[in-house]
Structure formats: structure tokens, C-alpha cells
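Structure file work.pdb with PDB, C-alpha atoms:
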ATOM      1  CA  MET T   1      19.476  33.369  17.274
ATOM      2  CA  ARG T   2      16.662  31.035  16.135
ATOM      3  CA  SER T   3      18.754  27.960  16.916
ATOM      4  CA  LEU T   4      17.999  28.289  20.654
ATOM      5  CA  GLN T   5      14.249  27.936  20.107
ATOM      6  CA  ILE T   6      14.673  25.293  17.399
ATOM      7  CA  ALA T   7      16.860  23.113  19.628
ATOM      8  CA  ALA T   8      14.412  23.632  22.511
ATOM      9  CA  THR T   9      11.569  22.189  20.413
ATOM     10  CA  GLY T  10      13.840  19.250  19.580
ATOM     11  CA  MET T  11      14.490  18.572  23.264
ATOM     12  CA  GLN T  12      10.771  18.794  24.062
ATOM     13  CA  ALA T  13       9.974  16.371  21.238
ATOM     14  CA  GLN T  14      12.538  13.832  22.450
ATOM     15  CA  GLN T  15      11.257  14.214  25.999
ATOM     16  CA  THR T  16       7.795  13.224  24.722
ATOM     17  CA  ASN T  17       9.387  10.352  22.800
ATOM     18  CA  ILE T  18      11.088   9.037  25.932
ATOM     19  CA  GLU T  19       7.850   9.352  27.921
ATOM     20  CA  VAL T  20       6.030   7.222  25.339
ATOM     21  CA  ILE T  21       8.820   4.628  25.370
ATOM     22  CA  SER T  22       8.881   4.540  29.175
ATOM     23  CA  ASN T  23       5.121   3.924  29.238
ATOM     24  CA  ASN T  24       5.583   1.020  26.809
ATOM     25  CA  ILE T  25       8.295  -0.535  28.992
ATOM     26  CA  ALA T  26       6.263   0.034  32.169
ATOM     27  CA  ASN T  27       3.352  -1.916  30.632
ATOM     28  CA  ILE T  28       5.402  -4.833  29.338
ATOM     29  CA  SER T  29       3.430  -7.190  31.613
ATOM     30  CA  THR T  30       0.029  -5.523  31.191
ATOM     31  CA  THR T  31      -2.573  -7.874  29.732
ATOM     32  CA  GLY T  32      -3.700  -6.824  26.257
ATOM     33  CA  PHE T  33      -1.557  -3.669  26.221
ATOM     34  CA  LYS T  34      -0.763  -2.191  22.799
ATOM     35  CA  ARG T  35       2.501  -0.295  22.470
ATOM     36  CA  ARG T  36       2.550   3.339  21.360
ATOM     37  CA  ARG T  37       4.761   5.250  18.940
ATOM     38  CA  ALA T  38       5.275   9.017  18.940
ATOM     39  CA  GLU T  39       5.042  10.744  15.558
ATOM     40  CA  PHE T  40       6.566  14.171  14.880
ATOM     41  CA  GLN T  41       6.156  16.933  12.278
ATOM     42  CA  ASP T  42       8.351  19.843  11.300
ATOM     43  CA  LEU T  43       7.093  23.315  12.213
ATOM     44  CA  ILE T  44       6.220  26.175   9.887
ATOM     45  CA  TYR T  45       9.013  27.567   7.693
ATOM     46  CA  GLN T  46      10.183  31.146   7.255
ATOM     47  CA  ASN T  47      10.730  32.150   3.630
ATOM     48  CA  LEU T  48      13.897  34.219   3.381
ATOM     49  CA  ARG T  49      13.646  34.000  -0.412
ATOM     50  CA  ARG T  50      10.424  32.492  -1.738
ATOM     51  CA  THR T  51      10.779  29.753  -4.316
ATOM     52  CA  GLY T  52       9.572  30.824  -7.757
ATOM     53  CA  SER T  53       9.705  34.566  -7.066
ATOM     54  CA  GLN T  54      11.258  36.903  -9.627
ATOM     55  CA  SER T  55      14.957  37.557  -9.211
ATOM     56  CA  ALA T  56      15.233  40.209 -11.930
ATOM     57  CA  ASP T  57      13.133  42.536 -14.065
ATOM     58  CA  THR T  58      13.642  40.219 -17.025
ATOM     59  CA  GLY T  59      11.354  37.651 -15.389
ATOM     60  CA  THR T  60      13.914  35.123 -14.177
ATOM     61  CA  LEU T  61      12.680  33.002 -11.270
ATOM     62  CA  LEU T  62      14.406  31.632  -8.191
ATOM     63  CA  PRO T  63      14.786  27.852  -8.711
ATOM     64  CA  SER T  64      14.947  26.931  -5.039
ATOM     65  CA  GLY T  65      14.701  29.955  -2.750
ATOM     66  CA  ALA T  66      15.604  29.888   0.937
ATOM     67  CA  GLN T  67      13.376  28.453   3.646
ATOM     68  CA  LEU T  68      14.355  28.253   7.319
ATOM     69  CA  GLY T  69      12.740  25.594   9.485
ATOM     70  CA  LEU T  70      11.642  26.506  13.008
ATOM     71  CA  GLY T  71      11.794  23.143  14.725
ATOM     72  CA  VAL T  72       9.591  20.149  15.464
ATOM     73  CA  ARG T  73       6.353  19.333  17.263
ATOM     74  CA  THR T  74       4.509  16.208  18.399
ATOM     75  CA  ALA T  75       1.856  15.303  15.818
ATOM     76  CA  ALA T  76       0.358  12.156  17.357
ATOM     77  CA  VAL T  77       0.984   9.158  19.556
ATOM     78  CA  TYR T  78      -0.123   6.100  17.590
ATOM     79  CA  ARG T  79      -1.308   2.813  19.059
ATOM     80  CA  ILE T  80       0.218  -0.258  17.384
ATOM     81  CA  SER T  81      -2.580  -2.854  17.257
ATOM     82  CA  GLU T  82      -0.597  -5.944  16.296
ATOM     83  CA  GLN T  83      -1.509  -9.174  18.070
ATOM     84  CA  GLY T  84       0.226  -9.942  21.370
ATOM     85  CA  ASN T  85       1.306 -13.440  22.374
ATOM     86  CA  LEU T  86      -1.286 -15.812  23.835
ATOM     87  CA  GLN T  87      -0.414 -17.146  27.281
ATOM     88  CA  GLN T  88      -2.165 -20.173  28.749
ATOM     89  CA  THR T  89      -3.521 -19.659  32.279
ATOM     90  CA  GLU T  90      -5.787 -22.705  32.862
ATOM     91  CA  ASN T  91      -8.393 -20.311  34.326
ATOM     92  CA  ARG T  92     -11.700 -21.195  32.664
ATOM     93  CA  PHE T  93     -12.899 -17.584  32.677
ATOM     94  CA  ASP T  94      -9.757 -16.140  31.100
ATOM     95  CA  ILE T  95     -10.518 -15.416  27.447
ATOM     96  CA  ALA T  96      -8.148 -14.178  24.748
ATOM     97  CA  ILE T  97      -9.046 -12.748  21.346
ATOM     98  CA  ARG T  98      -7.076 -14.118  18.410
ATOM     99  CA  GLY T  99      -7.611 -11.562  15.667
ATOM    100  CA  ASN T 100      -9.719  -8.406  15.508
ATOM    101  CA  GLY T 101     -12.168  -7.267  18.116
ATOM    102  CA  TYR T 102     -12.747  -5.961  21.629
ATOM    103  CA  PHE T 103     -14.781  -7.217  24.553
ATOM    104  CA  GLN T 104     -17.605  -4.891  25.608
ATOM    105  CA  VAL T 105     -17.824  -3.755  29.218
ATOM    106  CA  LEU T 106     -20.606  -1.840  30.991
ATOM    107  CA  LEU T 107     -19.193   0.959  33.169
ATOM    108  CA  PRO T 108     -20.947   2.235  36.331
ATOM    109  CA  SER T 109     -21.704   5.462  34.409
ATOM    110  CA  GLY T 110     -23.773   3.470  31.919
ATOM    111  CA  GLU T 111     -21.233   3.907  29.114
ATOM    112  CA  THR T 112     -19.875   0.968  27.154
ATOM    113  CA  ALA T 113     -16.103   0.543  27.256
ATOM    114  CA  TYR T 114     -13.964  -1.799  25.185
ATOM    115  CA  THR T 115     -10.988  -3.947  26.147
ATOM    116  CA  ARG T 116      -8.641  -6.686  24.959
ATOM    117  CA  ASP T 117      -8.081  -7.756  28.573
ATOM    118  CA  GLY T 118      -9.977 -11.004  29.020
ATOM    119  CA  THR T 119      -9.087 -11.747  32.652
ATOM    120  CA  PHE T 120     -12.683 -12.324  33.709
ATOM    121  CA  GLY T 121     -14.317 -13.804  36.773
ATOM    122  CA  LEU T 122     -17.768 -14.226  38.308
ATOM    123  CA  SER T 123     -19.723 -11.794  40.464
ATOM    124  CA  ALA T 124     -21.697 -12.887  43.528
ATOM    125  CA  GLU T 125     -24.693 -13.346  41.217
ATOM    126  CA  GLY T 126     -22.710 -15.551  38.819
ATOM    127  CA  THR T 127     -22.387 -12.888  36.105
ATOM    128  CA  ILE T 128     -19.158 -12.733  34.071
ATOM    129  CA  VAL T 129     -17.290  -9.558  35.078
ATOM    130  CA  THR T 130     -13.881  -7.915  34.631
ATOM    131  CA  ALA T 131     -11.197  -7.715  37.315
ATOM    132  CA  GLU T 132     -12.782  -4.403  38.405
ATOM    133  CA  GLY T 133     -16.239  -5.996  38.693
ATOM    134  CA  PHE T 134     -17.673  -4.402  35.524
ATOM    135  CA  THR T 135     -20.202  -6.561  33.681
ATOM    136  CA  VAL T 136     -19.142  -7.996  30.330
ATOM    137  CA  GLN T 137     -21.741  -7.242  27.648
ATOM    138  CA  PRO T 138     -24.009  -8.896  26.730
ATOM    139  CA  ALA T 139     -24.477 -10.026  30.333
ATOM    140  CA  ILE T 140     -23.948 -13.762  30.834
ATOM    141  CA  THR T 141     -24.910 -15.484  34.098
ATOM    142  CA  ILE T 142     -23.565 -18.913  34.994
ATOM    143  CA  PRO T 143     -26.131 -21.100  36.838
ATOM    144  CA  PRO T 144     -25.120 -21.992  40.419
ATOM    145  CA  ALA T 145     -25.589 -25.673  39.603
ATOM    146  CA  ALA T 146     -23.004 -25.575  36.807
ATOM    147  CA  ARG T 147     -20.018 -27.773  37.528
ATOM    148  CA  ASP T 148     -18.100 -26.912  34.390
ATOM    149  CA  VAL T 149     -18.127 -24.120  31.817
ATOM    150  CA  THR T 150     -16.865 -24.290  28.249
ATOM    151  CA  ILE T 151     -16.444 -21.308  25.933
ATOM    152  CA  ASN T 152     -15.914 -22.290  22.322
ATOM    153  CA  ALA T 153     -14.114 -20.363  19.569
ATOM    154  CA  THR T 154     -17.324 -18.665  18.408
ATOM    155  CA  GLY T 155     -18.087 -17.343  21.889
ATOM    156  CA  GLU T 156     -20.850 -19.711  22.951
ATOM    157  CA  VAL T 157     -20.839 -20.220  26.735
ATOM    158  CA  LEU T 158     -21.862 -23.790  27.566
ATOM    159  CA  ALA T 159     -22.526 -24.870  31.149
ATOM    160  CA  LYS T 160     -22.487 -28.486  32.256
ATOM    161  CA  ILE T 161     -25.392 -28.935  34.690
ATOM    162  CA  ASP T 162     -25.715 -31.900  37.032
ATOM    163  CA  GLY T 163     -28.459 -34.214  35.865
ATOM    164  CA  GLN T 164     -28.362 -32.981  32.255
ATOM    165  CA  VAL T 165     -26.648 -34.896  29.477
ATOM    166  CA  GLN T 166     -26.185 -31.995  27.041
ATOM    167  CA  PRO T 167     -24.423 -28.764  28.085
ATOM    168  CA  GLN T 168     -26.735 -25.783  28.429
ATOM    169  CA  ASN T 169     -26.069 -22.680  26.308
ATOM    170  CA  VAL T 170     -26.200 -19.804  28.810
ATOM    171  CA  GLY T 171     -24.968 -16.944  26.622
ATOM    172  CA  GLN T 172     -23.077 -15.692  23.619
ATOM    173  CA  ILE T 173     -19.950 -13.515  23.831
ATOM    174  CA  GLN T 174     -19.933 -10.735  21.247
ATOM    175  CA  LEU T 175     -17.013  -8.662  19.988
ATOM    176  CA  ALA T 176     -16.865  -5.090  18.730
ATOM    177  CA  ILE T 177     -14.708  -3.809  15.885
ATOM    178  CA  PHE T 178     -14.065  -0.249  14.696
ATOM    179  CA  ALA T 179     -13.249   1.377  11.378
ATOM    180  CA  ASN T 180     -10.302   3.120  13.078
ATOM    181  CA  GLU T 181      -8.980   1.413  16.206
ATOM    182  CA  GLY T 182      -6.399   4.166  16.623
ATOM    183  CA  GLY T 183      -9.220   6.618  17.310
ATOM    184  CA  LEU T 184     -10.267   4.880  20.544
ATOM    185  CA  GLU T 185      -9.711   6.896  23.724
ATOM    186  CA  ALA T 186      -7.733   5.102  26.432
ATOM    187  CA  ILE T 187      -9.165   5.746  29.930
ATOM    188  CA  GLY T 188      -6.920   3.433  31.947
ATOM    189  CA  GLU T 189      -7.624   0.025  33.509
ATOM    190  CA  ASN T 190      -7.122  -1.488  30.006
ATOM    191  CA  LEU T 191     -10.353   0.182  28.833
ATOM    192  CA  PHE T 192     -11.169   2.316  25.801
ATOM    193  CA  LEU T 193     -14.074   4.506  24.795
ATOM    194  CA  ALA T 194     -15.401   5.074  21.291
ATOM    195  CA  THR T 195     -14.888   8.545  19.812
ATOM    196  CA  PRO T 196     -15.925  10.263  16.568
ATOM    197  CA  GLY T 197     -12.440   9.382  15.302
ATOM    198  CA  SER T 198     -12.903   5.650  15.899
ATOM    199  CA  GLY T 199     -16.432   5.451  14.538
ATOM    200  CA  ASP T 200     -19.269   3.495  16.118
ATOM    201  CA  ALA T 201     -18.746  -0.039  17.368
ATOM    202  CA  GLN T 202     -19.815  -2.804  15.016
ATOM    203  CA  GLN T 203     -20.884  -5.856  17.000
ATOM    204  CA  GLY T 204     -20.531  -9.409  15.795
ATOM    205  CA  VAL T 205     -20.006 -13.019  16.794
ATOM    206  CA  PRO T 206     -16.421 -14.290  17.205
ATOM    207  CA  GLY T 207     -15.262 -16.119  14.109
ATOM    208  CA  ALA T 208     -17.501 -14.151  11.735
ATOM    209  CA  ALA T 209     -15.930 -12.313   8.798
ATOM    210  CA  GLY T 210     -13.731  -9.513  10.164
ATOM    211  CA  TYR T 211     -13.911 -10.749  13.773
ATOM    212  CA  GLY T 212     -11.338 -12.769  15.686
ATOM    213  CA  GLN T 213     -11.943 -15.992  17.565
ATOM    214  CA  VAL T 214     -11.858 -16.384  21.352
ATOM    215  CA  LEU T 215      -9.748 -18.887  23.290
ATOM    216  CA  GLN T 216     -10.773 -20.076  26.739
ATOM    217  CA  GLY T 217      -8.018 -20.411  29.333
ATOM    218  CA  PHE T 218      -5.697 -17.912  27.610
ATOM    219  CA  ILE T 219      -4.875 -14.222  27.923
ATOM    220  CA  GLU T 220      -3.240 -11.897  25.411
ATOM    221  CA  THR T 221       0.055 -10.490  26.636
ATOM    222  CA  SER T 222       1.478  -7.049  25.853
ATOM    223  CA  ASN T 223       2.872  -6.604  22.339
ATOM    224  CA  VAL T 224       5.835  -4.554  23.623
ATOM    225  CA  ASN T 225       9.195  -5.702  22.220
ATOM    226  CA  VAL T 226      11.898  -4.954  24.794
ATOM    227  CA  VAL T 227      14.763  -4.894  22.280
ATOM    228  CA  GLN T 228      12.954  -2.413  20.035
ATOM    229  CA  GLU T 229      12.066  -0.176  22.970
ATOM    230  CA  ILE T 230      15.620  -0.109  24.364
ATOM    231  CA  THR T 231      16.975   0.706  20.895
ATOM    232  CA  ALA T 232      14.439   3.512  20.494
ATOM    233  CA  LEU T 233      15.312   4.782  23.985
ATOM    234  CA  ILE T 234      19.024   5.018  23.132
ATOM    235  CA  THR T 235      18.242   6.834  19.867
ATOM    236  CA  ALA T 236      15.967   9.308  21.662
ATOM    237  CA  GLN T 237      18.577   9.927  24.358
ATOM    238  CA  ARG T 238      21.270  10.672  21.777
ATOM    239  CA  ALA T 239      18.936  12.997  19.876
ATOM    240  CA  TYR T 240      18.192  14.841  23.133
ATOM    241  CA  GLU T 241      21.917  15.222  23.821
ATOM    242  CA  MET T 242      22.585  16.590  20.328
ATOM    243  CA  ASN T 243      19.843  19.195  20.705
ATOM    244  CA  SER T 244      21.293  20.237  24.058
ATOM    245  CA  ARG T 245      24.690  20.668  22.378
ATOM    246  CA  VAL T 246      23.089  22.998  19.827
ATOM    247  CA  ILE T 247      21.823  25.139  22.710
ATOM    248  CA  SER T 248      25.298  25.163  24.253
ATOM    249  CA  ALA T 249      26.861  26.164  20.915
ATOM    250  CA  SER T 250      24.293  28.939  20.435
ATOM    251  CA  ASP T 251      24.965  30.189  23.957
ATOM    252  CA  GLU T 252      28.718  30.329  23.251
ATOM    253  CA  MET T 253      28.061  32.298  20.058
ATOM    254  CA  LEU T 254      25.919  34.788  21.973
ATOM    255  CA  SER T 255      28.624  35.088  24.630
ATOM    256  CA  THR T 256      31.125  35.881  21.873
ATOM    257  CA  LEU T 257      28.877  38.673  20.603
ATOM    258  CA  THR T 258      28.532  40.203  24.044
ATOM    259  CA  ARG T 259      32.338  40.288  24.430
ATOM    260  CA  LEU T 260      32.860  42.205  21.204
ATOM    261  CA  ARG T 261      34.087  45.778  21.734
ATOM    262  CA  GLY T 262      33.830  48.600  19.230
TER     263      GLY T 262
END
Render the structure in this file as C-alpha cells.
Amino acid sequence: MRSLQIAATGMQAQQTNIEVISNNIANISTTGFKRRRAEFQDLIYQNLRRTGSQSADTGTLLPSGAQLGLGVRTAAVYRISEQGNLQQTENRFDIAIRGNGYFQVLLPSGETAYTRDGTFGLSAEGTIVTAEGFTVQPAITIPPAARDVTINATGEVLAKIDGQVQPQNVGQIQLAIFANEGGLEAIGENLFLATPGSGDAQQGVPGAAGYGQVLQGFIETSNVNVVQEITALITAQRAYEMNSRVISASDEMLSTLTRLRG
């Protein structure tokens, strides 16, 4: 009774699907979050009659044969990298990316992580850091005497110093892009690490060819669409129920066999 195992793989697949959807909905308010989508593949097939094999000594061939599928498995969970909405915050150290690119963050381990979350602030030394206190790379320090800071679309950080007419350029924000963004490894806290699947980071100035621009006083919201997620949740729930009914039907068939008497 292969149907028991086949339906079980279907239930496991839909359980994974619902877990992915629930994570999307849970992060609907997470800054810079990119929604995920589960992708599935059918399992290996059993050939009861192989297509193209001889059906007679005269050389006639089977036109279609008979293959029996053995269920489904999770192939991947893709990250959808479409742009989220830009929300104005009025915080001068909040920075959003409009277009391609990731901010670079130095972790305590010495590794470089990447993020779309631009909710930045200043450390005690005046360095621009993330909400967790990790330094944004390249490191930019705001002078204590600065009374205003402007970050333009190309990432130049300009500080207005008392006694100076022209703003002082104190640093340049750089972005990183990847050949395959989907290959980045999520490590939590809105951070990603580069992997062999993503390729090495390619650094550049905001506004350059292939790189997005930055907007001061904005953050990028999650790109989760509630209506789409609820619709996908209902579909997954119904698919789970149908697979459970297959198991119930298979169980009834087995019960019928056990009641047969010679």
C-alpha cells in the first residue's frame, strides 16, 4: 500500500509550506525582511513497465509504459528579493536602500555580514553602528562637534561643524551586491553571510551601475503581502487535509483486507 507513504510525504511537504508561510507572516513588521517561498519536487518513480521497452518478439515498443510516483520532497526555500516599501522615520541615521545592494557589517567574530536593515545609530565613540552595536563597514565616525549630518543618495556622509561654512565629508557608505542573492545564508538579526552559492561580495558606491541609491531618514519595510500569504496558507491547509484523507482511505482499504476470510 504505497499510498500511505506517498500521502505522508505530501503531509510533510505541506507542513514545511505552512512553516515557511508562518515565518513570513511573523516577520511582516521586520525591517528589510524578504519573504520566502517553499519549492517542491516529485520523488523518484518506480517503472512498472518501462517506456520504450519491447512488448513482443516482433520488436514492438511500449509507447508510454507505466511509472508510479512515490511522493514529494522539499527542494528549496527561495528568498524573494523584491523591493519593500520605504517608510519615513525622520531619524537621520536611518538609511534605506532603493534598488540593489546590502550594507556591510563587521561581526564580533571578524566576519563581514550583510543586511538591508538600515536602522543605524551611533556608538559611544561616534561610529555608525547597527541596532546590535555592530560597526557598519567601512567605519564612519561622526565628529563630536557635528550639529547636523546629511547622507546623500550616493552615500557621502556630510557633517555640519560649528564654525565651518562647508559641510565636512566624514565618510562614504558602500554597498555590496552578489551574483546570486538567493545563495546568502541567513543567520538571524536581519544579517546574512556570503557562501560559495552567493559568490563573493562586489563592493561599490551607491548610485553606480548595478547598485541602488540610499535614502536618509527612511527604512525599508518587509515585502510580505498579507493577502498572498493568507491565500497560500488556505491552499496549504486544504492540501494537508486531502493528503490526510488519502491516509484514512488507505487505512480503510487495509482494514477491509484484514477482515477478509477464506
Reference answer for the PyMOL selection byres ((chain T and resi 81-86) around 10), as a ChimeraX atom specification
/T:31-36,78-80,87-89,95-100,181-182,215,217-225
Please identify all polymer residues within 7 Å of region 229-243 of chain T, counting all atoms listed in the file, omitting same-chain residues fewer than 5 positions from it, and present them as a count of residues only.
7
Might you pull out every residue within 7 Å of Ala66 (chain T), with all atoms listed in the file counted and same-chain residues fewer than 2 positions away left off, and present them as a PyMOL selection string?
chain T and resi 47-50+64+68
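Atom pair CA of Thr154 (chain T) / CA of Tyr211 (chain T): separated by 9.8 Å.
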Given the PyMOL selection byres ((chain T and resi 192-196) around 10), the residues it picks as JSON, numbers by chain
{"T": [102, 104, 105, 111, 112, 113, 114, 115, 116, 178, 180, 181, 183, 184, 185, 186, 187, 188, 189, 190, 191, 197, 198, 199, 200, 201]}
Which of these residues is nearest to Gln15 (chain T), using all atoms listed in the file: T:Ala176, T:Ala145, T:Ala38, T:Ile28?
T:Ala38
May I ask for the distance between CA of Ile161 (chain T) and CA of Ala146 (chain T), given in Å to one decimal place?
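These two atoms are separated by 4.6 Å.
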One decimal place gives the CA of Leu254 (chain T)-CA of Gln41 (chain T) separation as 28.3 Å
Running the PyMOL selection byres ((chain T and resi 43) around 6) on this model by hand, what would come out? Give it as an NGL selection string.
:T and (42 or 44 or 70-72)
With C-alpha atoms retained, write the just-selected residues as a short mmCIF file (atom, residue, chain, number, x, y, z; two decimals), in the frame of the given file.
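As a result, out.cif now contains:
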data_model
loop_
_atom_site.label_atom_id
_atom_site.label_comp_id
_atom_site.auth_asym_id
_atom_site.auth_seq_id
_atom_site.Cartn_x
_atom_site.Cartn_y
_atom_site.Cartn_z
CA ASP T 42 8.35 19.84 11.30
CA ILE T 44 6.22 26.18 9.89
CA LEU T 70 11.64 26.51 13.01
CA GLY T 71 11.79 23.14 14.72
CA VAL T 72 9.59 20.15 15.46
#
